[in-house]
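Asker: Let me begin by handing over the structure; questions about it come next.
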Amino acid sequence: MGILAKFLQRTPSEEIDDPRQHLMLDPRPRGEMNAMVMESMHTTSWKFWVVAAILSLIVMVCLLGVWGYLIAEGLGVAGVNRPSYWGIFLVNTVFWIGISHAGTFVSALLRVFKAEFRRPFTRAAELMTTFGLVQAGLSIFMHMGRVWVTYWLVPYPNERGLWPNFHSPLAWDFLAISTYLLASTMYLFQPLIPDLAMARDRSTGWRKSFYRILALGFRGTEGEWTHLRTAMNIFAFAILPVMFSVHTIVSWDFAAATRPGWSSTIFGPYFVVGALHSGVAAVAIVLVIVRSTMKNMKYFIRPEHFNAIGKLMLVISMGWAYFFFNDYLVQWYGGDKFTHILLEWHEAGPVNWIWLLMLVCNVVVPWLFLWNKKIRSNPWAIFVIGLLINVGMWCERYVIIPLSLTINRMPFTWRLYKPGVEIPLSIGTLAFFALLYMIASRLVPLVPVWEVQEGQMAHGLRKVGKAVVPSVSELE
Amino acid sequence: MENLAVEVSHKWGMVIDQDLCSGCQTCVVACAMENNVSFVGEKDASYGRVMHWLRVERFWVGEYPDVRATPFAPVLCQQCGHAPCESVCPVFASVHSRSQQINVQVYNRCVGTRYCANNCPYQARVFNWRDFSRPDPLSNQLNPEVTVRRRGIMEKCTFCVQRILRAEDLARSESRVVADGEVVPACAQACPTGAIVFGRLDDPNSLVSKMARDGRGVHFLEELGTLPSVTYLKGGSSYGYTG
Amino acid sequence: MPETKTLMALFEDIDPAADAVDQLRLMGVGNDQMNIISGIPVAEAMLGRPRQWSNVPRLALGGAVAGMLIGLFLVIGTPSLYPVLVGNQPLIPVPPSVIVIFEMTMLGLLVSTFLGVFLDSYFPSYTPKEYVPEISDGKIAVLFTCPVDQQAQFIDAMTKLGAQSVKPAEAVKL
């Protein structure tokens with residue numbers, strides 16, 4: 001009771017917070033911000049190299065080495081069997097595509113809704129999208145029986161006149177994920193061009209050539225800005241339906257099948273909200289790490305941003321709970337005999353701890369803690385909660401894929417799934433993601449400084465009566 | 001692209017009499033021999049990776065001491081008329097044959113996504129999880145009329161399509177129709193009790209058509225609308241009237 | 001034709017830059033003889049400049065149509081070229097076709113938008129152009145052409161309005 005009271009208590013002094021706490025109301029000269037971002041890219045401590053070396057080792061052994069072994073020996077070394085023909089590889093694929101949705105959400109959706117708090121971390125989120133999709137692609141290739149002929153999914157004219165089967169959700173998957181990968185890479189690159197120009201102007205040596213080539217000769221003329229801004233506006237609106245459609249199509253891999261527990265009509269929006277759930281939590285994790293390990297980032301990423309992300313995490317968690325309960329209720333109430341056995345098996349079977357862990361991490365933890373502003377504004381609290389949410393969402397996909405596959409309409413075939421080489425390969429993809437991000441942090445300006453300056457220009461303090469309040473102008 | 005060879009179009013089907021099936025599994029062995037099915041070894045077999053194209057299912061029901069076995073059910077690919085496995089293969093490796101009206105698995109097109117296996121309600125498909133070897137002289141046992149499959153490829157019962165094609169070729173060269181009982185798949189050939197009957201369902205006078213119209217006939221998972229080509233006769237201890 | 005020179009006046013803030021644009025117009029420099037280079041997008045209205053037109057939306061629309069045509073080929077063309085029957089679905093089923101056509105349309109829209117920026121801005125272009133690195137530090141540069149003999153007057157006028165520097169514009173390697 002005492003702790004509750006302390007959290008609920010609000011002293012008058014906390015009502016009036018110092019406006020300079022907010023990034024948008026604490027402007028610094030653009031030149032200084034540029035220097036801060038460049039410095040954070042160049043300053044590399046020995047700890048960075050140690051971590052990078054360890055990650056590279058893990059990638060070489062767990063990803064490349066074990067994958068080579070998998071290709072040479074066949075999928076027998078993994079844990080998939082009858083009836084769980086799909087296992088952790090698909091879980092990872094869905095997981096990484098889910099994480100990648102966060103970037104688009106932060107970049108596009110928040111931009112469309114003019115949520116100003118998105119400004120300092122859109123690029124960090126967009127980088128997650130690209131690198132997450134790389135891991136998703138790798139996981140898909142890992143699960144293929146004959147990965148060396150996987151290119152047959154590409155529609156190209158050939159001697160035998162064969163084309164892929166567009167009745168199949170996997171063919172839709174291929175088109176949708178390729179579209180999304182291209183779109184999000186392009187969307188990452190566009191607002192990056194002005195920052196690359198800035199980096200070009202402030203670099204020497206090999207870095208200067210690198211940025212020079214990538215900056216494409218951008219100067220900042222009226223024409224260039226107009227074309228860029230028009231394109232970014234089109235992208236922000238257009239990439240949203242793409243984002244929704246991609247994870248919906250991924251969900252249809254399962255929903256279009258005739259399995260108990262899978263052919264549920266709610267899977268489309270359920271998966272999209274699930275993707276946002278794990279994605280936004282992952283953004284929080286990445287931001288905490290960036291803020292605490294990179295120089296000068298404490299100026300750009302502040303407790304107010306974690307507060308905003310925490311609110312998003314709470315709302316999305318409620319959305320996820322709504323869709324989960326919808327799916328569960330309908331199956332529990334009117335499902336057939338096998339659907340009922342499946343639900344019972346999830347809750348009370350030999351591996352029911354996974355199902356319970358999913359619910360605790362996805363719902364209980366966010367609902368218990370994220371309503372409180374102090375907790376939300378604390379980066380490390382958000383880090384732990386974000387990590388737990390990601391664990392919970394990984395468990396959700398594990399429940400949906402190998403666990404639901406175990407209970408089918410032919411009880412003679414029921415057998416529990418036991419992962420094999422999927423475990424080192426999963427660790428490999430995680431390490432690869434982290435490694436790519438670390439490399440990007442040295443080469444790509446992580447904060448879109450021009451957007452931050454634009455936002456700072458748009459924000460001011462206004463007097464309304466006796467109060468001084470922040471006000472935002474629309475500069476476009 | 002016109003299908004040059006289609007002059008005949010039959011609907012091949014099977015009837016399995018569960019009241020005659022003794023559960024001896026000779027059909028399983030014969031199918032494996034005829035179709036070059038791989039031996040996976042004890043470890044993989046115990047983990048649900050047997051490669052047999054059909055399995056004989058039997059359950060125990062009741063509480064001790066009133067335990068009894070359910071009738072044996074040899075489950076194989078039902079060659080569905082509306083096969084759920086066909087629409088989900090992204091590379092058209094699982095397609096419907098117009099001339100034999102069965103589901104055809106194209107080995108050299110299969111990429112190994114295993115979506116077809118997930119979507120088969122009968123779990124009738126098996127996957128080559130590894131390259132399995134046949135050390136000499138076991139390699140002499142291979143049937144030259146059937147492809148040997150490598151790792152990463154899906155396979156399943158084909159109704160011994162090599163025997164169907166051989167019979168159809170012979171009949172066409174002799175300018176006649178395939179006679180009833182001329183095509184006998186390996187499982188039907190080996191069954192000691194005659195529980196498996198095979199033939200043309202589109203010929204109302206064939207033995208298999210007559211047996212399929214038997215009052216004891218059921219289709220597994222009929223409610224899914226897959227239109228299986230295999231009819232199971234199950235009367236148990238009491239018989240329905242026959243036709 | 002009197003000889004002209006291109007000058008670059010560097011300003012710290014939007015207000016002096018807007019005044020400078022007005023002043024230049026008074027002194028006889030036309031709108032198309034001026035260009036603004038800045039480190040953040042400064043809307044034309046803020047500086048009293050005419051609105052810029054962009055081909056990007058038109059290119060985007062064209063790309064969307066191209067994408068839709070590709071999608072139609074994939075779902076109608078390919079099964080017509082090589083018809084394969086698969087369970088319980090017509091050769092050209094409507095719901096899967098909708099999905100494929102949607103994705104290809106969006107792909108066409110987005111790729112052509114992206115390439116449209118390149119096309120309209122003549123990216124990539126590495127030939128030397130008028131520029132100073134201070135622009136990416138947030139300064140606003142007003143580029144204008146004026147007659148050579150009046151150079152001093154222009155420099156004077158700009159400096160009075162608060163220009164940090166007024167120099168002949170040099171083409172630097174970008």
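A note on labels: chains of the structure tokens are A, B, ... as shown, every chain counts residues from 1, and ligands are counted from 1 in their shown order.
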Pick out the residues sitting within 9 Å of Leu175 of chain A, and hand them over as a PyMOL selection string; count only C-alpha atoms, and ignore anything fewer than 2 positions along from it in its own chain.
Answerer: (chain A and resi 154+170-173+177-180) or (chain C and resi 100+103-104)
Asker: Using all heavy atoms, can you export the residues from the last selection as a JSON list (two decimals), in the first residue's frame?
Answerer:
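Output contents, as saved in selection11.json:
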[["chain", "number", "residue", "atom", "x", "y", "z"],
["A", 154, "VAL", "N", 11.06, -17.38, -57.48],
["A", 154, "VAL", "CA", 11.07, -16.11, -58.20],
["A", 154, "VAL", "C", 10.40, -16.31, -59.55],
["A", 154, "VAL", "O", 10.73, -17.26, -60.26],
["A", 154, "VAL", "CB", 12.53, -15.64, -58.42],
["A", 154, "VAL", "CG1", 12.55, -14.35, -59.20],
["A", 154, "VAL", "CG2", 13.24, -15.50, -57.09],
["A", 170, "LEU", "N", 2.81, -19.06, -49.52],
["A", 170, "LEU", "CA", 4.26, -18.86, -49.50],
["A", 170, "LEU", "C", 4.70, -18.00, -50.68],
["A", 170, "LEU", "O", 5.64, -17.22, -50.58],
["A", 170, "LEU", "CB", 4.98, -20.20, -49.54],
["A", 170, "LEU", "CG", 4.85, -21.04, -48.27],
["A", 170, "LEU", "CD1", 5.63, -22.33, -48.40],
["A", 170, "LEU", "CD2", 5.37, -20.27, -47.07],
["A", 171, "ALA", "N", 4.02, -18.12, -51.80],
["A", 171, "ALA", "CA", 4.35, -17.25, -52.94],
["A", 171, "ALA", "C", 3.98, -15.80, -52.62],
["A", 171, "ALA", "O", 4.72, -14.88, -52.95],
["A", 171, "ALA", "CB", 3.62, -17.72, -54.20],
["A", 172, "TRP", "N", 2.84, -15.61, -51.95],
["A", 172, "TRP", "CA", 2.47, -14.25, -51.54],
["A", 172, "TRP", "C", 3.51, -13.70, -50.56],
["A", 172, "TRP", "O", 3.89, -12.53, -50.62],
["A", 172, "TRP", "CB", 1.11, -14.19, -50.85],
["A", 172, "TRP", "CG", 0.00, -14.91, -51.51],
["A", 172, "TRP", "CD1", -0.13, -15.21, -52.83],
["A", 172, "TRP", "CD2", -1.15, -15.44, -50.87],
["A", 172, "TRP", "NE1", -1.30, -15.89, -53.03],
["A", 172, "TRP", "CE2", -1.95, -16.04, -51.84],
["A", 172, "TRP", "CE3", -1.61, -15.46, -49.53],
["A", 172, "TRP", "CZ2", -3.16, -16.66, -51.56],
["A", 172, "TRP", "CZ3", -2.81, -16.07, -49.25],
["A", 172, "TRP", "CH2", -3.57, -16.66, -50.27],
["A", 173, "ASP", "N", 3.95, -14.59, -49.65],
["A", 173, "ASP", "CA", 5.00, -14.24, -48.69],
["A", 173, "ASP", "C", 6.22, -13.71, -49.38],
["A", 173, "ASP", "O", 6.79, -12.68, -49.01],
["A", 173, "ASP", "CB", 5.43, -15.52, -47.95],
["A", 173, "ASP", "CG", 5.09, -15.47, -46.50],
["A", 173, "ASP", "OD1", 4.49, -14.48, -46.08],
["A", 173, "ASP", "OD2", 5.44, -16.44, -45.80],
["A", 177, "ILE", "N", 7.35, -9.97, -48.70],
["A", 177, "ILE", "CA", 8.55, -9.69, -47.93],
["A", 177, "ILE", "C", 9.59, -8.99, -48.79],
["A", 177, "ILE", "O", 10.29, -8.08, -48.34],
["A", 177, "ILE", "CB", 9.11, -10.98, -47.30],
["A", 177, "ILE", "CG1", 8.09, -11.51, -46.30],
["A", 177, "ILE", "CG2", 10.43, -10.74, -46.62],
["A", 177, "ILE", "CD1", 8.50, -12.79, -45.63],
["A", 178, "SER", "N", 9.68, -9.38, -50.07],
["A", 178, "SER", "CA", 10.62, -8.67, -50.95],
["A", 178, "SER", "C", 10.20, -7.22, -51.09],
["A", 178, "SER", "O", 11.04, -6.32, -51.02],
["A", 178, "SER", "CB", 10.64, -9.31, -52.34],
["A", 178, "SER", "OG", 10.80, -10.67, -52.26],
["A", 179, "THR", "N", 8.91, -6.99, -51.31],
["A", 179, "THR", "CA", 8.43, -5.61, -51.41],
["A", 179, "THR", "C", 8.78, -4.84, -50.16],
["A", 179, "THR", "O", 9.28, -3.71, -50.21],
["A", 179, "THR", "CB", 6.90, -5.60, -51.62],
["A", 179, "THR", "OG1", 6.59, -6.35, -52.76],
["A", 179, "THR", "CG2", 6.38, -4.19, -51.76],
["A", 180, "TYR", "N", 8.53, -5.45, -49.00],
["A", 180, "TYR", "CA", 8.74, -4.76, -47.75],
["A", 180, "TYR", "C", 10.23, -4.48, -47.52],
["A", 180, "TYR", "O", 10.60, -3.40, -47.05],
["A", 180, "TYR", "CB", 8.17, -5.61, -46.61],
["A", 180, "TYR", "CG", 8.11, -4.91, -45.28],
["A", 180, "TYR", "CD1", 7.60, -3.64, -45.17],
["A", 180, "TYR", "CD2", 8.56, -5.54, -44.12],
["A", 180, "TYR", "CE1", 7.55, -3.00, -43.96],
["A", 180, "TYR", "CE2", 8.50, -4.90, -42.91],
["A", 180, "TYR", "CZ", 8.00, -3.63, -42.82],
["A", 180, "TYR", "OH", 7.93, -3.00, -41.62],
["C", 100, "VAL", "N", -1.77, -10.59, -54.79],
["C", 100, "VAL", "CA", -0.56, -10.41, -55.61],
["C", 100, "VAL", "C", -0.61, -9.06, -56.31],
["C", 100, "VAL", "O", 0.39, -8.33, -56.35],
["C", 100, "VAL", "CB", -0.43, -11.55, -56.62],
["C", 100, "VAL", "CG1", 0.70, -11.28, -57.59],
["C", 100, "VAL", "CG2", -0.20, -12.86, -55.91],
["C", 103, "GLU", "N", 0.26, -6.23, -53.84],
["C", 103, "GLU", "CA", 1.67, -6.13, -53.48],
["C", 103, "GLU", "C", 2.50, -5.56, -54.63],
["C", 103, "GLU", "O", 3.37, -4.72, -54.42],
["C", 103, "GLU", "CB", 2.23, -7.51, -53.10],
["C", 103, "GLU", "CG", 1.79, -8.00, -51.75],
["C", 103, "GLU", "CD", 2.22, -7.10, -50.61],
["C", 103, "GLU", "OE1", 3.26, -6.43, -50.72],
["C", 103, "GLU", "OE2", 1.50, -7.06, -49.61],
["C", 104, "MET", "N", 2.19, -6.01, -55.84],
["C", 104, "MET", "CA", 2.99, -5.53, -56.98],
["C", 104, "MET", "C", 2.71, -4.06, -57.24],
["C", 104, "MET", "O", 3.60, -3.29, -57.63],
["C", 104, "MET", "CB", 2.69, -6.37, -58.22],
["C", 104, "MET", "CG", 3.20, -7.78, -58.12],
["C", 104, "MET", "SD", 5.01, -7.88, -58.18],
["C", 104, "MET", "CE", 5.40, -8.00, -56.48]]
Asker: Near chain B, which residues of chain A fall within 8 Å when you count only C-alpha atoms, and what do they look like as a ChimeraX atom specification?
Answerer: /A:73-76,81-86,143-147,149-150,152-153,163-171,257-259,405,408-410,412-413,415
Asker: Taking only residues of chain C that have an atom at most 8 Å from an atom of chain B, what is each one's shortest atom pair and its distance in Å to one decimal, using only C-alpha atoms, in chain and number order, as a Markdown table?
Answerer:
| residue | atom | partner | partner_atom | distance |
| --- | --- | --- | --- | --- |
| C:Leu81 | CA | B:Met1 | CA | 7.7 |
| C:Tyr82 | CA | B:Met1 | CA | 6.5 |
| C:Pro83 | CA | B:Met1 | CA | 7.6 |
| C:Val84 | CA | B:Val95 | CA | 7.0 |
| C:Leu85 | CA | B:His96 | CA | 5.7 |
| C:Val86 | CA | B:Glu86 | CA | 5.0 |
| C:Gly87 | CA | B:His82 | CA | 4.5 |
| C:Asn88 | CA | B:His82 | CA | 4.7 |
| C:Gln89 | CA | B:Ser87 | CA | 7.5 |
Asker: Within 7 Å of chain C, which residues of chain A show up when using only C-alpha atoms, listed as an NGL selection string?
Answerer: :A and (30-31 or 34 or 161-163 or 166-167 or 172 or 175-176 or 179 or 183 or 186 or 198 or 201 or 212 or 216-217 or 219-228 or 230-231 or 235 or 450 or 454 or 476)
Asker: What separation in Å, quoted to one decimal, exists between atom CA of Ala188 of chain B and atom CA of Asn36 of chain B?
Answerer: 17.0 Å
Asker: With DSSP run on the backbone, what are the alpha helix (DSSP H) residues within segment 200-414 of chain A? I'd like them as an NGL selection string.
Answerer: :A and (200-201 or 205-215 or 222-255 or 267-293 or 297-300 or 303-334 or 337-348 or 352-359 or 365-369 or 373-376 or 379-398 or 404-406)
Asker: Quick one: pick out all strand (DSSP E) residues within chain C from a backbone DSSP run and write them as a count of residues only.
Answerer: 29
Asker: What separation in Å, quoted to one decimal, exists between atom CA of Ser165 of chain C and atom CA of Leu7 of chain C?
Answerer: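 Answer for the atom CA of Ser165 of chain C to atom CA of Leu7 of chain C separation: 10.2 Å.
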Asker: For Asn92 of chain A, please output as a VMD selection string all residues within 10 Å (counting only C-alpha atoms; exclusion window: fewer than 3 positions along the same chain).
Answerer: chain A and resid 87 to 89 95 to 98 135 to 140 394 397 to 398 422 425 to 426 429 to 430
Asker: Atom CA of Ile389 of chain A to atom CA of Phe271 of chain A: how many Å, to one decimal?
Answerer: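 Atom CA of Ile389 of chain A sits 14.7 Å away from atom CA of Phe271 of chain A.
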Asker: As JSON, numbers by chain, please: the residues near Val280 of chain A (cut-off 12 Å, only C-alpha atoms, same-chain neighbours under 5 positions excluded).
Answerer: {"A": [98, 99, 100, 101, 102, 103, 104, 105, 106, 107, 121, 122, 124, 125, 126, 128, 129, 273, 274, 275, 285, 286, 287, 306, 308, 309, 310, 311, 312, 313, 314, 315, 316, 317, 382, 383, 385, 386, 387, 389, 390, 393]}
Asker: May I ask which of the residues A:Ser377, A:Ala115, A:Gly279, A:Pro155 is the closest one to Ile70 of chain C, counting only C-alpha atoms?
Answerer: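 Using only C-alpha atoms, the shortest distance to Ile70 of chain C belongs to A:Pro155.
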Asker: Could you check which of A:Asp26, A:Glu474, A:Glu344, A:Glu159 is closest to Trp332 of chain A, using only C-alpha atoms?
Answerer: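 When distances to Trp332 of chain A are compared using only C-alpha atoms, the smallest one comes from A:Glu344.
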Asker: Counting only C-alpha atoms, which of A:Trp371, A:Tyr417, A:Tyr299, A:Trp345 gets nearest to Met33 of chain A?
Answerer: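 Residue with the minimum atom-to-atom distance to Met33 of chain A: A:Tyr299.
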